[in-house]
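Dropping data_36.cif in here (mmCIF, C-alpha atoms and all ligand atoms):
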```cif
data_work
#
loop_
_atom_site.label_atom_id
_atom_site.label_comp_id
_atom_site.auth_asym_id
_atom_site.auth_seq_id
_atom_site.Cartn_x
_atom_site.Cartn_y
_atom_site.Cartn_z
CA PRO A 576 -23.50 13.29 -3.61
CA LYS A 577 -24.00 10.29 -1.35
CA GLU A 578 -20.90 8.14 -1.25
CA ARG A 579 -21.45 4.42 -1.55
CA GLY A 580 -18.66 2.97 0.53
CA TRP A 581 -15.16 4.04 -0.28
CA LEU A 582 -15.40 3.36 -3.92
CA VAL A 583 -17.19 2.82 -7.15
CA SER A 584 -19.69 5.11 -8.72
CA HIS A 585 -19.34 8.22 -6.62
CA ILE A 586 -15.69 8.87 -7.20
CA TYR A 587 -14.51 11.70 -9.39
CA ASN A 588 -11.60 12.31 -11.68
CA TYR A 589 -9.00 14.71 -10.36
CA GLN A 590 -5.71 15.20 -12.24
CA GLY A 591 -6.43 12.03 -14.20
CA PHE A 592 -7.07 9.73 -11.24
CA TRP A 593 -10.23 8.77 -9.33
CA ILE A 594 -10.87 9.98 -5.82
CA ALA A 595 -13.81 10.37 -3.43
CA PRO A 596 -14.78 13.99 -2.73
CA ARG A 597 -14.28 13.62 1.02
CA LEU A 598 -10.62 12.66 0.42
CA LEU A 599 -9.84 15.54 -1.91
CA GLN A 600 -9.12 18.07 0.81
CA GLY A 601 -6.28 15.91 2.13
CA VAL A 602 -4.91 15.34 -1.36
CA ILE A 603 -4.79 19.03 -2.20
CA ALA A 604 -3.37 20.06 1.19
CA CYS A 605 -0.64 17.44 0.90
CA GLN A 606 0.20 18.47 -2.66
CA GLN A 607 0.42 22.13 -1.72
CA GLN A 608 2.04 21.94 1.69
CA PHE A 609 4.15 18.82 2.13
CA GLN A 610 7.86 19.59 2.22
CA ALA A 611 9.85 16.44 1.61
CA GLN A 612 13.17 15.95 3.33
CA ASP A 613 16.01 14.26 1.49
CA SER A 614 16.08 11.45 4.04
CA ASP A 615 12.32 10.70 3.83
CA ILE A 616 11.17 7.25 2.83
CA ILE A 617 7.74 7.12 1.24
CA LEU A 618 5.86 3.91 0.62
CA VAL A 619 3.56 4.13 -2.39
CA THR A 620 0.84 1.63 -3.28
CA THR A 621 -2.44 1.25 -5.08
CA PRO A 622 -5.06 0.43 -2.44
CA LYS A 623 -5.12 -3.22 -1.34
CA SER A 624 -1.77 -4.23 -2.76
CA GLY A 625 -0.23 -5.06 0.63
CA THR A 626 0.41 -1.61 2.09
CA THR A 627 -0.15 -2.80 5.67
CA TRP A 628 2.39 -5.59 5.26
CA LEU A 629 5.07 -3.41 3.72
CA LYS A 630 4.49 -0.69 6.31
CA SER A 631 5.30 -3.26 8.98
CA LEU A 632 8.38 -4.54 7.20
CA LEU A 633 9.61 -1.03 6.53
CA PHE A 634 9.10 0.13 10.10
CA VAL A 635 10.77 -2.87 11.70
CA LEU A 636 13.63 -2.88 9.20
CA VAL A 637 14.51 0.80 9.41
CA ASN A 638 14.11 1.00 13.19
CA ARG A 639 15.85 -2.26 14.08
CA ALA A 640 18.64 -0.51 15.98
CA LYS A 641 16.19 1.61 17.96
CA TYR A 642 13.61 -1.12 18.57
CA PRO A 643 15.23 -4.55 18.80
CA ILE A 644 13.08 -7.08 17.01
CA PHE A 645 10.79 -9.33 19.00
CA GLN A 646 11.06 -7.21 22.10
CA GLN A 647 7.64 -7.39 23.75
CA THR A 648 7.34 -3.62 23.81
CA HIS A 649 8.06 -3.25 20.10
CA PRO A 650 5.74 -0.58 18.61
CA LEU A 651 4.51 -3.07 16.00
CA PHE A 652 2.93 -5.18 18.74
CA ILE A 653 0.84 -2.33 20.11
CA ASN A 654 0.08 -0.21 17.04
CA ASN A 655 -1.59 -0.86 13.74
CA PRO A 656 1.03 -0.45 10.97
CA HIS A 657 -1.00 2.47 9.53
CA ASP A 658 -0.35 4.42 12.71
CA LEU A 659 3.38 3.72 12.50
CA VAL A 660 3.75 4.72 8.85
CA PRO A 661 0.94 7.23 8.28
CA PHE A 662 -0.63 8.14 4.99
CA LEU A 663 0.11 11.69 3.90
CA GLU A 664 -3.15 12.58 2.21
CA LEU A 665 -5.44 10.16 4.06
CA LYS A 666 -4.21 10.90 7.55
CA LEU A 667 -1.61 13.61 8.12
CA TYR A 668 -3.18 16.19 5.79
CA SER A 669 -6.75 14.84 5.86
CA ASP A 670 -8.17 17.88 7.66
CA GLY A 671 -6.49 20.26 5.22
CA ARG A 672 -4.01 21.60 7.77
CA VAL A 673 -0.23 21.31 8.09
CA PRO A 674 0.48 18.39 10.42
CA ASP A 675 2.93 18.45 13.30
CA PHE A 676 5.98 16.44 12.29
CA SER A 677 7.90 17.18 15.48
CA SER A 678 7.55 13.64 16.85
CA PHE A 679 8.99 12.09 13.68
CA THR A 680 12.59 10.98 13.77
CA SER A 681 14.80 10.77 10.71
CA PRO A 682 14.28 9.02 8.36
CA ARG A 683 10.59 9.86 8.36
CA LEU A 684 8.51 6.90 7.20
CA LEU A 685 5.44 8.04 5.31
CA SER A 686 3.05 6.63 2.77
CA THR A 687 0.70 7.63 0.00
CA HIS A 688 -1.57 6.21 -2.69
CA LEU A 689 -1.02 9.20 -4.98
CA PRO A 690 -0.04 8.54 -8.60
CA PHE A 691 3.48 9.66 -9.54
CA ALA A 692 2.37 12.71 -11.51
CA SER A 693 0.30 13.95 -8.56
CA LEU A 694 2.96 13.62 -5.87
CA PRO A 695 3.85 16.86 -4.08
CA LYS A 696 6.57 18.57 -6.12
CA SER A 697 9.06 18.48 -3.25
CA VAL A 698 8.99 14.66 -3.36
CA GLN A 699 10.00 14.67 -6.98
CA HIS A 700 12.67 17.33 -6.47
CA SER A 701 14.37 15.80 -3.42
CA THR A 702 16.38 12.63 -2.89
CA THR A 703 13.42 11.18 -0.94
CA LYS A 704 13.25 7.46 -1.64
CA LEU A 705 10.05 5.89 -2.93
CA VAL A 706 9.24 2.25 -2.30
CA TYR A 707 6.47 1.14 -4.63
CA LEU A 708 4.48 -2.02 -4.03
CA CYS A 709 2.11 -3.51 -6.57
CA ARG A 710 -0.01 -6.64 -6.60
CA ASN A 711 -1.60 -8.59 -9.43
CA PRO A 712 -4.80 -6.87 -10.56
CA ARG A 713 -7.08 -9.86 -9.94
CA ASP A 714 -6.21 -10.22 -6.24
CA THR A 715 -6.08 -6.44 -5.87
CA PHE A 716 -9.59 -6.17 -7.27
CA ILE A 717 -11.02 -8.89 -5.01
CA SER A 718 -9.36 -7.37 -1.97
CA LEU A 719 -10.69 -3.93 -2.95
CA TRP A 720 -14.21 -5.26 -3.34
CA HIS A 721 -14.17 -6.83 0.12
CA PHE A 722 -12.60 -3.76 1.68
CA SER A 723 -15.05 -1.30 0.16
CA ASN A 724 -17.98 -3.33 1.35
CA ASN A 725 -16.48 -3.78 4.81
CA LEU A 726 -15.99 -0.06 5.13
CA LYS A 727 -19.56 0.79 4.17
CA LEU A 728 -19.21 4.35 5.30
CA ASP A 729 -22.87 5.01 4.81
CA HIS A 730 -23.80 1.62 6.32
CA THR A 731 -26.37 0.95 3.65
CA ASP A 732 -25.89 -0.73 0.31
CA VAL A 733 -22.94 -2.77 -0.92
CA ASN A 734 -21.08 -2.53 -4.21
CA SER A 735 -22.01 -5.37 -6.54
CA MET A 736 -19.00 -7.24 -7.84
CA GLU A 737 -20.26 -6.98 -11.42
CA GLU A 738 -20.60 -3.23 -11.30
CA MET A 739 -17.30 -2.72 -9.56
CA PHE A 740 -15.48 -5.06 -11.94
CA HIS A 741 -16.94 -3.35 -14.97
CA LEU A 742 -15.72 0.01 -13.67
CA PHE A 743 -12.30 -1.37 -12.62
CA CYS A 744 -11.75 -2.62 -16.18
CA LYS A 745 -12.60 0.85 -17.46
CA GLY A 746 -10.00 2.30 -15.08
CA VAL A 747 -12.57 3.65 -12.64
CA ALA A 748 -11.36 2.64 -9.18
CA ILE A 749 -10.11 4.72 -6.30
CA TYR A 750 -6.65 6.14 -7.18
CA GLY A 751 -6.98 4.35 -10.55
CA PRO A 752 -6.70 3.64 -13.37
CA PHE A 753 -4.72 0.77 -11.85
CA TRP A 754 -2.46 0.50 -14.91
CA ASN A 755 -1.54 4.17 -15.04
CA HIS A 756 -0.58 4.06 -11.37
CA VAL A 757 1.58 0.96 -11.75
CA LEU A 758 3.14 1.87 -15.09
CA ASP A 759 4.20 5.35 -14.05
CA TYR A 760 6.09 4.04 -11.03
CA TRP A 761 7.45 1.09 -13.03
CA LYS A 762 8.95 3.50 -15.57
CA GLN A 763 10.38 5.69 -12.82
CA SER A 764 11.98 2.67 -11.17
CA ILE A 765 13.77 1.89 -14.43
CA GLU A 766 14.82 5.47 -15.08
CA LYS A 767 15.77 6.29 -11.49
CA PRO A 768 16.66 3.05 -9.69
CA ASN A 769 18.18 4.91 -6.75
CA LYS A 770 14.96 6.84 -6.18
CA VAL A 771 12.22 4.28 -6.83
CA LEU A 772 12.24 0.63 -5.81
CA PHE A 773 9.51 -1.45 -7.44
CA LEU A 774 8.32 -4.42 -5.39
CA MET A 775 5.60 -6.99 -6.02
CA TYR A 776 3.41 -8.61 -3.38
CA GLU A 777 3.74 -12.00 -5.05
CA GLU A 778 7.53 -11.77 -5.16
CA ILE A 779 7.70 -10.95 -1.46
CA LYS A 780 5.49 -13.98 -0.79
CA ASP A 781 7.62 -16.17 -3.01
CA GLN A 782 11.11 -15.00 -2.04
CA PRO A 783 10.67 -13.07 1.21
CA LYS A 784 14.33 -13.06 2.23
CA ILE A 785 15.61 -11.91 -1.13
CA GLN A 786 13.04 -9.12 -1.35
CA LEU A 787 13.60 -7.91 2.22
CA LYS A 788 17.34 -7.79 1.61
CA ARG A 789 16.70 -5.88 -1.63
CA LEU A 790 14.62 -3.38 0.32
CA ALA A 791 17.31 -3.00 2.99
CA GLU A 792 19.99 -2.38 0.37
CA PHE A 793 17.86 0.16 -1.47
CA LEU A 794 17.29 2.02 1.81
CA GLU A 795 21.01 1.91 2.52
CA CYS A 796 20.57 -0.11 5.70
CA PRO A 797 21.73 -3.55 4.49
CA PHE A 798 21.89 -6.51 6.84
CA SER A 799 25.33 -7.21 8.27
CA ILE A 800 26.80 -10.69 8.13
CA GLU A 801 26.27 -11.00 11.89
CA GLU A 802 22.60 -10.07 11.50
CA GLU A 803 22.17 -12.63 8.76
CA ASN A 804 23.91 -15.29 10.83
CA CYS A 805 21.70 -14.50 13.82
CA GLY A 806 18.56 -14.97 11.73
CA VAL A 807 17.44 -11.33 11.88
CA VAL A 808 16.00 -11.44 8.35
CA ASP A 809 13.83 -14.44 9.19
CA GLU A 810 12.76 -12.91 12.47
CA ILE A 811 11.59 -9.69 10.81
CA LEU A 812 9.60 -11.69 8.28
CA LYS A 813 8.03 -13.78 11.02
CA MET A 814 7.18 -10.72 13.07
CA CYS A 815 5.47 -9.05 10.08
CA SER A 816 3.73 -12.16 8.80
CA PHE A 817 -0.01 -12.19 8.26
CA GLN A 818 -0.30 -14.94 10.89
CA ASN A 819 1.45 -12.85 13.51
CA LEU A 820 0.00 -9.41 12.74
CA SER A 821 -3.59 -10.50 12.26
CA LYS A 822 -3.66 -12.15 15.70
CA LEU A 823 -2.40 -9.16 17.69
CA GLU A 824 -4.91 -7.62 20.07
CA VAL A 825 -4.44 -4.17 18.48
CA ASN A 826 -5.32 -5.57 15.06
CA THR A 827 -8.31 -7.60 16.17
CA ASN A 828 -10.08 -5.07 18.38
CA GLY A 829 -8.45 -1.68 17.78
CA LYS A 830 -9.48 1.17 15.51
CA LEU A 831 -7.51 3.74 13.53
CA SER A 832 -7.83 7.36 14.58
CA SER A 833 -9.83 7.85 11.36
CA GLY A 834 -12.38 5.33 12.63
CA GLU A 835 -11.73 2.23 10.51
CA GLU A 836 -11.47 -1.05 12.40
CA ASN A 837 -7.91 -2.36 12.29
CA LYS A 838 -9.09 -5.86 11.48
CA ILE A 839 -10.34 -4.88 8.02
CA PHE A 840 -6.73 -4.61 6.85
CA PHE A 841 -6.25 -8.33 7.43
CA ARG A 842 -8.45 -10.65 5.40
CA ARG A 843 -6.68 -13.65 3.84
CA GLY A 844 -3.26 -12.36 2.84
CA GLU A 845 -2.71 -14.87 0.05
CA VAL A 846 -1.89 -14.98 -3.62
CA GLY A 847 -4.67 -16.44 -5.77
CA ASP A 848 -7.86 -15.77 -3.79
CA TRP A 849 -9.26 -14.33 -7.06
CA LYS A 850 -9.85 -17.94 -8.15
CA ASN A 851 -12.66 -18.19 -5.61
CA TYR A 852 -14.52 -15.31 -7.27
CA PHE A 853 -13.52 -14.82 -10.90
CA THR A 854 -15.59 -16.32 -13.70
CA VAL A 855 -13.86 -17.32 -16.94
CA GLU A 856 -15.34 -14.20 -18.55
CA MET A 857 -13.89 -11.96 -15.87
CA SER A 858 -10.41 -13.48 -16.28
CA GLU A 859 -10.58 -13.08 -20.04
CA LYS A 860 -11.81 -9.52 -19.85
CA LEU A 861 -9.16 -8.38 -17.38
CA ASN A 862 -6.44 -10.28 -19.26
CA HIS A 863 -7.39 -8.43 -22.38
CA VAL A 864 -7.22 -5.02 -20.68
CA ILE A 865 -3.95 -5.82 -18.88
CA GLN A 866 -2.35 -7.14 -22.04
CA GLN A 867 -3.27 -3.98 -23.91
CA LYS A 868 -2.12 -1.61 -21.20
CA PHE A 869 1.13 -3.34 -20.21
CA GLN A 870 2.26 -4.45 -23.66
CA GLY A 871 5.92 -3.66 -24.21
CA SER A 872 6.45 -2.47 -20.64
CA GLY A 873 8.44 -5.53 -19.56
CA LEU A 874 6.24 -5.85 -16.47
CA ARG A 875 4.67 -9.22 -15.75
CA PHE A 876 2.13 -10.13 -13.06
CA TYR A 877 2.03 -13.39 -11.10
CA TYR A 878 -1.39 -14.82 -10.35
CA ILE A 879 -0.56 -17.94 -8.32
P1 LIG B 1 -6.62 -9.73 1.00
O1 LIG B 1 -7.86 -8.90 1.01
O2 LIG B 1 -6.39 -10.39 -0.32
O3 LIG B 1 -6.54 -10.69 2.13
P2 LIG B 1 -3.53 -3.02 1.96
O4 LIG B 1 -2.67 -3.22 3.14
O5 LIG B 1 -2.83 -2.37 0.81
O6 LIG B 1 -4.81 -2.39 2.33
O7 LIG B 1 -3.83 -4.47 1.40
C1 LIG B 1 -4.58 -5.37 2.15
C2 LIG B 1 -4.28 -6.77 1.67
O8 LIG B 1 -3.02 -7.19 2.21
C3 LIG B 1 -5.32 -7.74 2.18
O9 LIG B 1 -5.37 -8.75 1.18
C4 LIG B 1 -4.67 -8.22 3.48
O10 LIG B 1 -5.18 -9.43 3.97
C5 LIG B 1 -3.22 -8.35 3.02
N1 LIG B 1 -2.26 -8.34 4.13
C6 LIG B 1 -2.31 -7.62 5.28
N2 LIG B 1 -1.27 -7.91 6.06
C7 LIG B 1 -0.53 -8.83 5.40
C8 LIG B 1 0.68 -9.54 5.74
N3 LIG B 1 1.31 -9.33 6.86
N4 LIG B 1 1.14 -10.41 4.81
C9 LIG B 1 0.51 -10.62 3.65
N5 LIG B 1 -0.64 -10.00 3.30
C10 LIG B 1 -1.16 -9.11 4.16
#
```

Before we go any further, please render this structure as C-alpha cells.
Amino acid sequence: PKERGWLVSHIYNYQGFWIAPRLLQGVIACQQQFQAQDSDIILVTTPKSGTTWLKSLLFVLVNRAKYPIFQQTHPLFINNPHDLVPFLELKLYSDGRVPDFSSFTSPRLLSTHLPFASLPKSVQHSTTKLVYLCRNPRDTFISLWHFSNNLKLDHTDVNSMEEMFHLFCKGVAIYGPFWNHVLDYWKQSIEKPNKVLFLMYEEIKDQPKIQLKRLAEFLECPFSIEEENCGVVDEILKMCSFQNLSKLEVNTNGKLSSGEENKIFFRRGEVGDWKNYFTVEMSEKLNHVIQQKFQGSGLRFYYI
C-alpha cells in the first residue's frame, strides 16, 4: 500500500508494535543477525524524544579521550549525530544484510527504536548497556507530527493533526504504542539498573549537569575531579546544545545516507511546544489515556 509519510494510517502491527512495511526488512534482519558485544552501548528511544541530542552527548562523552572536546576537527562538527551513532534497524541492517562493523571501535555506540520485547536476543543476553530516553507524550506527539509531514516520502498529502492524534491515543504510532515502549524500559530500568538507564528529555533540559554525570557514571566513564574543575561537563553540554548543533553547516545543508535532510532533526528543541497546538480537549484526552496506562508505575511526565 501507498505510505503516507513515515507514519499514521499505513503502518502495520508486528510483534505488538507499529511499523511501516518498508522498515520491516531492517527490523527482521537486525533481530535475526545482530550479535551484541558485552561492551556495546545502545541508545533506545521512541521517535522524536531527543535521540539526536542524546546521540551527540553519548558520542562526545564516551570518546572524550580520543576526540578532545571543542577541537575544530571533532567528528560532531562535521557529521550528523545519526551518522556517528547509527540506528541498527533503520540504517545498519536496513537493506537486510549483515553490516560491516570493522570500522567500529569498542565500545560500539549504536541505537534503536525497537521495543524491549523485540530487541535482538543477544542484546538481552549480554551485558550490553541500554540508555533509554523518553519525552513527555504531548511534545513527542507534536514533534512526530511535524517530522512525519516534513519527511513526506511520497511528497503528496500531509497527515492531519486530528487523525494522527486520534491514532496516537489509540496506540497507533510508529514503534508505538508509546506507553508500552516507555513502560517496558521503565520496568527494566528498575529491575536491572546496571543494564538500563532511564533518562527523560525534560530532566536533561532542567538539570543537564546532573543528568550528564549520571550517564557518565552508568557507562563507567565518570568525570574526574580535574575534568569537573576544568569545566568539561559544561563544555560537552554547550557543544551538544540545540543552539550549537542546529547551526552547524552539516546540520543545515547536509543529508543522511538514507536521504533525509539533516535539518529536519532540529526544529525547536524545547519543552512545552505542545501548548502552541493542543486544544483543551486534546490535553484532557491524552491525560486520560496516560493516567490509565501509567497508573501505579511510579513514572511521572513533565510538561513544562
Ligand atoms: P522538536 O520537534 O520538539 O523541536 P529525535 O532526535 O528523537 O528525532 O527528536 C527530535 C526532537 O529533539 C526535536 O524536537 C528536535 O528539535 C529536538 N532536538 C534535536 N537536537 C536537540 C538538542 N541538541 N537539544 C535539545 N533538543 C534537540

Using all atoms listed in the file, can you tell me which of A:Asn638, A:Ser833, A:Thr620, A:Asn755 comes closest to ligand LIG 1 (chain B)? A:Thr620

What lies within 8 Å of Lys788 of chain A using all atoms listed in the file, ignoring chain neighbours under 3 positions off, as a PyMOL selection string? chain A and resi 784-785+791-792+797-798+808

For Leu820 of chain A, find every residue with an atom within 9 Å (counting all atoms listed in the file), except residues of its own chain fewer than 6 positions away, and show them as a VMD selection string. chain A and resid 628 631 651 to 652 655 814 826 841

List all protein, DNA and RNA residues that have at least one atom no more than 10 Å from any atom of ligand LIG 1 (chain B), counting all atoms listed in the file, and write them as an MDAnalysis selection string. chainID A and resid 619:632 656:657 688 708:710 713:722 776:777 779:780 812:821 838:849

Segment 696-702 of chain A: which residues within 9 Å, counting only C-alpha atoms, same-chain residues fewer than 5 positions away excluded, as a compact mmCIF listing (two decimals) with C-alpha atoms, in the frame of the given file?
```txt
# COMPACT_ATOMS: atom_id res chain seq x y z
CA GLN A 606 0.20 18.47 -2.66
CA GLN A 607 0.42 22.13 -1.72
CA PHE A 609 4.15 18.82 2.13
CA GLN A 610 7.86 19.59 2.22
CA ALA A 611 9.85 16.44 1.61
CA GLN A 612 13.17 15.95 3.33
CA ASP A 613 16.01 14.26 1.49
CA SER A 614 16.08 11.45 4.04
CA ASP A 615 12.32 10.70 3.83
CA ILE A 617 7.74 7.12 1.24
CA PHE A 691 3.48 9.66 -9.54
CA ASN A 769 18.18 4.91 -6.75
CA LYS A 770 14.96 6.84 -6.18
```

10 Å contact set for Ile616 of chain A, all atoms listed in the file, chain neighbours under 5 positions out, as a tab-separated table (two decimals) with C-alpha atoms, in the frame of the given file:
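That gives us around38.tsv:
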```tsv
chain	number	residue	atom	x	y	z
A	611	ALA	CA	9.85	16.44	1.61
A	633	LEU	CA	9.61	-1.03	6.53
A	637	VAL	CA	14.51	0.80	9.41
A	660	VAL	CA	3.75	4.72	8.85
A	681	SER	CA	14.80	10.77	10.71
A	682	PRO	CA	14.28	9.02	8.36
A	683	ARG	CA	10.59	9.86	8.36
A	684	LEU	CA	8.51	6.90	7.20
A	685	LEU	CA	5.44	8.04	5.31
A	686	SER	CA	3.05	6.63	2.77
A	698	VAL	CA	8.99	14.66	-3.36
A	702	THR	CA	16.38	12.63	-2.89
A	703	THR	CA	13.42	11.18	-0.94
A	704	LYS	CA	13.25	7.46	-1.64
A	705	LEU	CA	10.05	5.89	-2.93
A	706	VAL	CA	9.24	2.25	-2.30
A	770	LYS	CA	14.96	6.84	-6.18
A	794	LEU	CA	17.29	2.02	1.81
```

Atom CA of Val602 of chain A and atom CA of Glu664 of chain A, how far apart in Å? 4.8 Å

Around (20.0, -10.7, 13.1) in the file's frame, which residues reach within 12 Å when counting all atoms listed in the file? Return as a PyMOL selection string? chain A and resi 636+639-640+643-645+797-812

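Straight-line separation from atom CA of Asn711 of chain A to atom CA of Tyr878 of chain A: 6.3 Å.
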
Between atom CA of Phe676 of chain A and atom CA of Gly829 of chain A, what is the distance in Å, rounded to a tenth?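 Going from atom CA of Phe676 of chain A over to atom CA of Gly829 of chain A, I get 23.8 Å.
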
Between A:Val855, A:Phe793, A:Pro674, A:Pro752, which residue has the minimum interatomic distance to Pro768 of chain A, considering only C-alpha atoms? A:Phe793

Just want the 8 Å neighbourhood of Gln608 of chain A, counted on all atoms listed in the file, with same-chain residues fewer than 3 positions away dropped. Output as a ChimeraX atom specification. /A:604-605,673,695

Output file for the residues above (C-alpha atoms, as a short mmCIF file (atom, residue, chain, number, x, y, z; two decimals), keeping the file's coordinate frame):
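New file part_11.cif:
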```cif
data_model
loop_
_atom_site.label_atom_id
_atom_site.label_comp_id
_atom_site.auth_asym_id
_atom_site.auth_seq_id
_atom_site.Cartn_x
_atom_site.Cartn_y
_atom_site.Cartn_z
CA ALA A 604 -3.37 20.06 1.19
CA CYS A 605 -0.64 17.44 0.90
CA VAL A 673 -0.23 21.31 8.09
CA PRO A 695 3.85 16.86 -4.08
#
```

Which of these, A:Phe773, A:Phe662, A:Pro650, A:Arg789, has the shortest distance to Leu831 of chain A once you count only C-alpha atoms?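 Answer, going by the shortest atom-to-atom distance: A:Phe662.
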
For a quick check of understanding, using only C-alpha atoms, which of A:Ala595, A:Glu778, A:Val864, A:Cys796 has the smallest distance to Tyr877 of chain A?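 With only C-alpha atoms as the atom set, the closest residue is A:Glu778.
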
Nearest residue to Ser693 of chain A out of A:Val747, A:Ile879, A:Val757, A:Ile603, using all atoms listed in the file?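 Ranking A:Val747, A:Ile879, A:Val757, A:Ile603 by distance to Ser693 of chain A, first place goes to A:Ile603.
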
Would you mind telling me which residue in A:Ile653, A:Trp754, A:Trp761, A:Pro661 lies nearest to Gln867 of chain A when using only C-alpha atoms?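 Closest to Gln867 of chain A of all the choices is A:Trp754.
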
Expected axis-aligned box over every listed atom of segment 788-792 of chain A, 8 Å added per side, centre plus edges in Å to one decimal, as JSON:
```
{"center_x": 17.3, "center_y": -5.1, "center_z": 0.7, "size_x": 21.4, "size_y": 21.4, "size_z": 20.6}
```

Given the point (-18.8, -5.2, -10.2) in the file's coordinates, find the residues that have an atom at most 12 Å from it, counting all atoms listed in the file, and give them as JSON, numbers by chain. {"A": [582, 583, 584, 716, 717, 719, 720, 721, 723, 724, 733, 734, 735, 736, 737, 738, 739, 740, 741, 742, 743, 744, 745, 747, 748, 852, 853, 857]}

Could you write out the selected residues, including C-alpha atoms, as a compact mmCIF listing (two decimals), in the coordinates of the input?
```txt
# COMPACT_ATOMS: atom_id res chain seq x y z
CA LEU A 582 -15.40 3.36 -3.92
CA VAL A 583 -17.19 2.82 -7.15
CA SER A 584 -19.69 5.11 -8.72
CA PHE A 716 -9.59 -6.17 -7.27
CA ILE A 717 -11.02 -8.89 -5.01
CA LEU A 719 -10.69 -3.93 -2.95
CA TRP A 720 -14.21 -5.26 -3.34
CA HIS A 721 -14.17 -6.83 0.12
CA SER A 723 -15.05 -1.30 0.16
CA ASN A 724 -17.98 -3.33 1.35
CA VAL A 733 -22.94 -2.77 -0.92
CA ASN A 734 -21.08 -2.53 -4.21
CA SER A 735 -22.01 -5.37 -6.54
CA MET A 736 -19.00 -7.24 -7.84
CA GLU A 737 -20.26 -6.98 -11.42
CA GLU A 738 -20.60 -3.23 -11.30
CA MET A 739 -17.30 -2.72 -9.56
CA PHE A 740 -15.48 -5.06 -11.94
CA HIS A 741 -16.94 -3.35 -14.97
CA LEU A 742 -15.72 0.01 -13.67
CA PHE A 743 -12.30 -1.37 -12.62
CA CYS A 744 -11.75 -2.62 -16.18
CA LYS A 745 -12.60 0.85 -17.46
CA VAL A 747 -12.57 3.65 -12.64
CA ALA A 748 -11.36 2.64 -9.18
CA TYR A 852 -14.52 -15.31 -7.27
CA PHE A 853 -13.52 -14.82 -10.90
CA MET A 857 -13.89 -11.96 -15.87
```

Repaired coordinates for segment 607-623 of chain A (N, CA and C atoms) as a PDB file, in the coordinates of the input:
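File written: out12.pdb
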```pdb
ATOM      1  N   GLN A 607      -0.008  20.723  -1.830  1.00  0.00           N
ATOM      2  CA  GLN A 607       0.420  22.130  -1.720  1.00  0.00           C
ATOM      3  C   GLN A 607       1.400  22.365  -0.581  1.00  0.00           C
ATOM      4  N   GLN A 608       1.293  21.570   0.481  1.00  0.00           N
ATOM      5  CA  GLN A 608       2.040  21.940   1.690  1.00  0.00           C
ATOM      6  C   GLN A 608       3.162  20.991   2.096  1.00  0.00           C
ATOM      7  N   PHE A 609       3.138  19.762   1.624  1.00  0.00           N
ATOM      8  CA  PHE A 609       4.150  18.820   2.130  1.00  0.00           C
ATOM      9  C   PHE A 609       5.547  19.183   1.627  1.00  0.00           C
ATOM     10  N   GLN A 610       6.464  19.310   2.557  1.00  0.00           N
ATOM     11  CA  GLN A 610       7.860  19.590   2.220  1.00  0.00           C
ATOM     12  C   GLN A 610       8.675  18.331   2.496  1.00  0.00           C
ATOM     13  N   ALA A 611       9.080  17.675   1.442  1.00  0.00           N
ATOM     14  CA  ALA A 611       9.850  16.440   1.610  1.00  0.00           C
ATOM     15  C   ALA A 611      11.246  16.756   2.119  1.00  0.00           C
ATOM     16  N   GLN A 612      11.770  15.846   2.932  1.00  0.00           N
ATOM     17  CA  GLN A 612      13.170  15.950   3.330  1.00  0.00           C
ATOM     18  C   GLN A 612      13.949  14.898   2.540  1.00  0.00           C
ATOM     19  N   ASP A 613      15.214  15.188   2.293  1.00  0.00           N
ATOM     20  CA  ASP A 613      16.010  14.260   1.490  1.00  0.00           C
ATOM     21  C   ASP A 613      16.050  12.858   2.076  1.00  0.00           C
ATOM     22  N   SER A 614      15.967  12.773   3.396  1.00  0.00           N
ATOM     23  CA  SER A 614      16.080  11.450   4.040  1.00  0.00           C
ATOM     24  C   SER A 614      14.731  10.720   4.147  1.00  0.00           C
ATOM     25  N   ASP A 615      13.643  11.344   3.713  1.00  0.00           N
ATOM     26  CA  ASP A 615      12.320  10.700   3.830  1.00  0.00           C
ATOM     27  C   ASP A 615      12.258   9.394   3.031  1.00  0.00           C
ATOM     28  N   ILE A 616      11.462   8.487   3.561  1.00  0.00           N
ATOM     29  CA  ILE A 616      11.170   7.250   2.830  1.00  0.00           C
ATOM     30  C   ILE A 616       9.652   7.189   2.682  1.00  0.00           C
ATOM     31  N   ILE A 617       9.195   7.119   1.450  1.00  0.00           N
ATOM     32  CA  ILE A 617       7.740   7.120   1.240  1.00  0.00           C
ATOM     33  C   ILE A 617       7.319   5.826   0.539  1.00  0.00           C
ATOM     34  N   LEU A 618       6.403   5.141   1.187  1.00  0.00           N
ATOM     35  CA  LEU A 618       5.860   3.910   0.620  1.00  0.00           C
ATOM     36  C   LEU A 618       4.657   4.271  -0.231  1.00  0.00           C
ATOM     37  N   VAL A 619       4.664   3.816  -1.478  1.00  0.00           N
ATOM     38  CA  VAL A 619       3.560   4.130  -2.390  1.00  0.00           C
ATOM     39  C   VAL A 619       2.901   2.827  -2.854  1.00  0.00           C
ATOM     40  N   THR A 620       1.576   2.824  -2.829  1.00  0.00           N
ATOM     41  CA  THR A 620       0.840   1.630  -3.280  1.00  0.00           C
ATOM     42  C   THR A 620      -0.467   2.046  -3.948  1.00  0.00           C
ATOM     43  N   THR A 621      -1.022   1.117  -4.726  1.00  0.00           N
ATOM     44  CA  THR A 621      -2.440   1.250  -5.080  1.00  0.00           C
ATOM     45  C   THR A 621      -3.170   0.572  -3.915  1.00  0.00           C
ATOM     46  N   PRO A 622      -4.360   1.037  -3.576  1.00  0.00           N
ATOM     47  CA  PRO A 622      -5.060   0.430  -2.440  1.00  0.00           C
ATOM     48  C   PRO A 622      -5.195  -1.086  -2.591  1.00  0.00           C
ATOM     49  N   LYS A 623      -4.970  -1.770  -1.505  1.00  0.00           N
ATOM     50  CA  LYS A 623      -5.120  -3.220  -1.340  1.00  0.00           C
ATOM     51  C   LYS A 623      -4.013  -4.052  -1.979  1.00  0.00           C
TER      52      LYS A 623
END
```
